[in-house]
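Engineer: Quick one: the structure is below, questions incoming.
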Amino acid sequence: MKNILKLLLLCCSVFLSLFLLEKVYDFLLLQNKNIKASYILSENINAEVLIHGPCEPLWMLNPTQLDTLIHKKTYNLALSHSNFADNYLHLYLYLQNNQKPSHLLLYITPESMDERYNTFNTYRFTPFMKDTLIANIVKEFDPAYSRWIGFPFMKHAYYGSLINFKAVQGLKHYATKKEKPFYPNGYVPPLVQDWQYVMDHFIELYPNNVEFQWSKRREKYFRKLIAFAQSQNIEVFLYEAPVYDEAIKVQPNRQEIMGRLHQLAKEVNVPFVAFENLEMAKDKTNFFSTLNMTVKGAEIFTDTLGRYLQKEVFLKE
Amino acid sequence: MKEKMNHFDTLQQIFRSVFKEDTLILKRELQAKDVAMWDSLTHVELIFEIENTLGIQIPFERVLAFQNAGDLIDCVTELTQ
Amino acid sequence: MLVSLAYLVFLSVVLIVFYNIPTSWRLFFLLSVSLLFLGYYHFYSVLFLVGLTAFTLFIGKHLQDSIEKKAASKTIFYFGLLVHLLFLFGLKYVDVHAQGIGLNIASGTFQTQTFLVALGLSFYTLQNIAYLIEIYLGRTKVEKNYLAFFTYNAFFPKLISGPIESTRSFLPQLKSLDQSFDWANFNYGIQRIFMGLFKKMVLAERLLPLVNNTFGLETPATGLTCWVGICLFTLQLYFDFSGYMDIALGSARLFGLKLSENFNYPFRATSIADFWRKWHITLINWLTQYLYYPIVYRFRQWKKASVLLALTLVFLLSGIWHGIGWTFLLWSFCHIIYLSFETLTKSYRVRLSQKMPSTFYTFLSIFITFNLVCLGQLFFRASSLENAFDLLKRVFSFPILERPTFFAYLADGGTQEHLFNIYSTFLLVGLFLLFEKRICQHFFSENLKVLSLFIGILLLMIFGIFDSGAQFIYLQF
């Protein structure tokens, strides 16, 4: 009898503590201003132009520089390693606490449609699992995770290595009443500055060139993202940034996929501009990998894109 | 009885020389862990020296079964009778 | 396999049924669920196990009969031995590889889990061999309770990765399964299982990415960083393996059965010989009993040389058994050299220890032993000879210690989050190793330690790695 009571006491106290811990983590993660999802939910950014996509636009387009060219308040919502579903949910979260932007600049390349590049980052959504839209999409991309979240605290524990630090940082931000994130306009300068031999690595990894594959699921979420933006009366502008010249040579079906992308853009009725053959694409110092630009390259391209947008999009409106 | 004592002295001599401890006192309860030098290697040397000195052969099964010096003394006594 | 919710559910169901059926059915029940358990993971293994066990019983019976009739027993014995040896090595290299279990040297991967599985499936073969030898030497009688003997080989907690049990200690327990449910066993069992889960999910899994980064082909780490990374593999393997053992021993205890210990705080070993008395004890006992001692005894007139010969043969065989490849042979050579050195310098070292303060000598011995073991394990883990020597070259290249990047290389980059994770890993592992004996003695108790378990479970939930495989750990393989 004593043993059963002890066991019961243990189970109850563990469950209760985990339940409380879950709430504490929910709270702390939302206090962490360096997490974009938390920041956009606590601050009214109310940007007129939103930059969105995976890591390339994240460290390519600096809103401060872009603002001087297009004279509109811009925020960079891009997230490293994210796919369209990830992007879609972040736009959804952004609109919960902010006025609708007039324009969404969405980065898209053949890589965006290939499941081998970027992914859905479940850990970014752990505090929002009560939201059915988010929970459903998480379930589609990460069923293993979704099976566990009924257990108290498991929704954070499952990706603990990607959560613990952020919760502690959240505590720090809460204690110091921090209001702005480390990168206030969402732009993150690239950590690496020199060429990473990605090309050499690339050729080693794919001796027979790179064949892009087209993912139906990527297309589905691309369409969802566009439809969602359009339903909110947000103008979407699709663009492809320059790719390091040498890389294109080992990608035989790049142009074919680009054709499909143009077709898709036409179908969903949004403009798509590919900035592929710019002079800057020949200079290795503008890149640290095939798609990712150095600060120098990023500044050149931001300037190009800003001028283009001002002339072809904003002045025409 | 005298015979047995002699074996005991001989064994103690062998223990002392194999384990390099001049002051070692052979007791029935003596175990490997009590002697710094007693390990699997010196154990074999011990057996070999005993076999050589007393002109006996200790069967393999017995070698493995020794728990302490007492078992060994009994075995030697049994084999020399 | 033992670290999954499915296993815990399976265990609970089996346990409830076990204590609620007539005692005469229990043995058959245990055997059936064990075979189901194995069949679930690897169907053909069931056939191997059943076939080989039946074969052993058959050969054993004939062996004893011929010994009793003073007929030629040698042929039967060696035939039985040969068949087992063929399976032991054949299964490892042919079937196991084809099934993707075991380590795949060609692609340079090392997966601790599959490695342990491959080991485990060989263990009942070793048990069978031991059984036949015991009968041949007349030290044991043929087992008449076939059901018990089958269960002795198939018992699911020990099936995956041991321990190797001798017929003397484990079989009698299986033949008297009339115990009623006992809280002391239950408490011990679940606490032991918890300890295993903690070692595996928190300590081993957190170390895994650091080890993979070190042994990865493009590690830029040099000097001390590289050496620390190499040493971490030994720790990771220990937590992995001994964690499995805790789960196995804990699970068995829930049924009132006691399995043999396989580890005895090996990082407190003061010599390599001592290390081998504390690491994978049941395998070493087997090798000592059936390989080392017979060789030494046979050649005892050679004195020291007989020991050196036995050491060499035992470790060469052990190395070949662990896997094909030069790296495993080098691992063998390391230990042959270490142990020969220890054998030859024993008297000198004993004298040296008497001249030094004993604490200092012990500490120094532990330190040297640990580093030597890690050096050996480097060859165990390295994907190829080049990989191993490249790592060794890095250890001896500059900078020996570069403070800002000391952890960054191990941690996959130097962001604050990476550093936070690596610091917490080091803290957890360090504290655990420092107080290991006390923690284990506290938890391996027949009383339920409510507060300690409570703290332990919270630590497991916060610092445990749950998404093994999916996200970032095995991604590099």
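Residues in the structure tokens are numbered from 1 in each chain, the chains being A, B, ... in the order shown, and ligands are numbered from 1 in the order shown.
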Distance limit 6 Å, atoms considered: only C-alpha atoms. Which chain C residues sit that close to chain A? Return them as a JSON list (two decimals) with C-alpha atoms, in the first residue's frame.

Structural biologist:
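Output (out_23.json):
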```
[["chain", "number", "residue", "atom", "x", "y", "z"],
["C", 417, "GLU", "CA", 22.74, 28.16, -28.60],
["C", 450, "VAL", "CA", 10.44, 9.44, -4.93],
["C", 461, "MET", "CA", 12.50, 15.66, -19.94],
["C", 462, "ILE", "CA", 14.43, 18.91, -20.15],
["C", 466, "PHE", "CA", 13.75, 12.58, -28.08]]
```

Engineer: Any idea what's packed within 9 Å of B:Thr80, counting only C-alpha atoms, ignoring anything in its chain fewer than 6 positions away? Could you give it as a PDB file with C-alpha atoms, in the first residue's frame?

Structural biologist:
```
ATOM      1  CA  LEU B  54      56.335 -30.864  -6.078  1.00  0.00           C
ATOM      2  CA  GLY B  55      56.328 -32.882  -9.282  1.00  0.00           C
ATOM      3  CA  ILE B  56      52.554 -32.914  -9.617  1.00  0.00           C
TER       4      ILE B  56
END
```

Engineer: Excluding C:Phe55 and residues on its chain fewer than 6 positions from it, collect all residues at most 10 Å away from it, counting only C-alpha atoms, and give them as a PyMOL selection string.

Structural biologist: chain C and resi 49+61+80+83-84+128

Engineer: With a distance threshold of 7 Å and counting only C-alpha atoms, extract the residues of chain B near chain C and express them as a list of chain:residue names.

Structural biologist: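 Using only C-alpha atoms, chain B residues at most 7 Å from chain C: B:Leu41, B:Val44, B:Glu45, B:Phe48, B:Phe60.
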
Engineer: Please give the complete set of residues from stretch 2-53 of chain A that DSSP, run on the backbone, assigns to helix (DSSP H, G or I), formatted as an MDAnalysis selection string.

Structural biologist: chainID A and resid 2:31 36:42

Engineer: Measure the distance from atom CA of A:Glu276 to atom CA of A:Tyr221 in Å and round it to one decimal.

Structural biologist: 24.4 Å

Engineer: Quick one: residues within 9 Å of C:Phe328, only C-alpha atoms counted, chain neighbours fewer than 6 positions away excluded, as a PyMOL selection string?

Structural biologist: chain C and resi 316+318-322+379-381

Engineer: With N, CA and C atoms retained, write the just-selected residues as a CSV table (one decimal), in the first residue's frame.

Structural biologist:
```csv
chain,number,residue,atom,x,y,z
C,316,LEU,N,43.2,-10.6,-30.7
C,316,LEU,CA,43.1,-10.7,-32.2
C,316,LEU,C,41.7,-11.2,-32.6
C,318,SER,N,39.0,-11.3,-30.8
C,318,SER,CA,38.0,-10.3,-30.4
C,318,SER,C,37.9,-9.2,-31.4
C,319,GLY,N,39.0,-8.7,-31.9
C,319,GLY,CA,39.1,-7.7,-32.9
C,319,GLY,C,38.4,-8.1,-34.2
C,320,ILE,N,38.7,-9.3,-34.6
C,320,ILE,CA,38.1,-9.8,-35.9
C,320,ILE,C,36.6,-10.0,-35.7
C,321,TRP,N,36.3,-10.4,-34.5
C,321,TRP,CA,34.9,-10.7,-34.2
C,321,TRP,C,34.1,-9.4,-34.3
C,322,HIS,N,34.7,-8.3,-33.8
C,322,HIS,CA,34.0,-7.0,-33.8
C,322,HIS,C,33.8,-6.4,-35.2
C,379,PHE,N,40.4,3.8,-32.8
C,379,PHE,CA,40.4,2.9,-34.0
C,379,PHE,C,39.1,2.1,-34.2
C,380,PHE,N,38.4,2.0,-33.0
C,380,PHE,CA,37.2,1.3,-33.1
C,380,PHE,C,36.1,2.1,-33.8
C,381,ARG,N,36.2,3.4,-33.6
C,381,ARG,CA,35.1,4.3,-34.1
C,381,ARG,C,35.5,4.8,-35.5
```

Engineer: Skipping near chain neighbours, those fewer than 3 positions away, what residues fall within 7 Å of stretch 245-247 of chain A using only C-alpha atoms, listed as a CSV table (one decimal) with C-alpha atoms, in the first residue's frame?

Structural biologist:
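To be explicit, this is the file written out as result17.csv:
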```csv
chain,number,residue,atom,x,y,z
A,199,MET,CA,31.0,24.4,-55.3
A,250,VAL,CA,26.1,21.7,-63.3
A,251,GLN,CA,22.3,22.1,-63.1
A,281,ALA,CA,26.8,36.4,-60.7
A,282,LYS,CA,30.3,36.0,-62.3
A,290,THR,CA,25.9,28.9,-54.9
```

Engineer: Near A:Asn34, counting only C-alpha atoms, which residues have an atom at most 9 Å away, once you skip same-chain residues fewer than 6 positions from it, shown as a ChimeraX atom specification?

Structural biologist: /A:166,169-170,180-184

Engineer: Please identify all polymer residues within 10 Å of A:Gly259, counting only C-alpha atoms, omitting same-chain residues fewer than 6 positions from it, and present them as a PyMOL selection string.

Structural biologist: chain A and resi 110+253+265

Engineer: One number please: atom CA of C:Trp227 to atom CA of C:Val395, in Å, one decimal.

Structural biologist: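 About the pair atom CA of C:Trp227 and atom CA of C:Val395: they are 5.8 Å apart.
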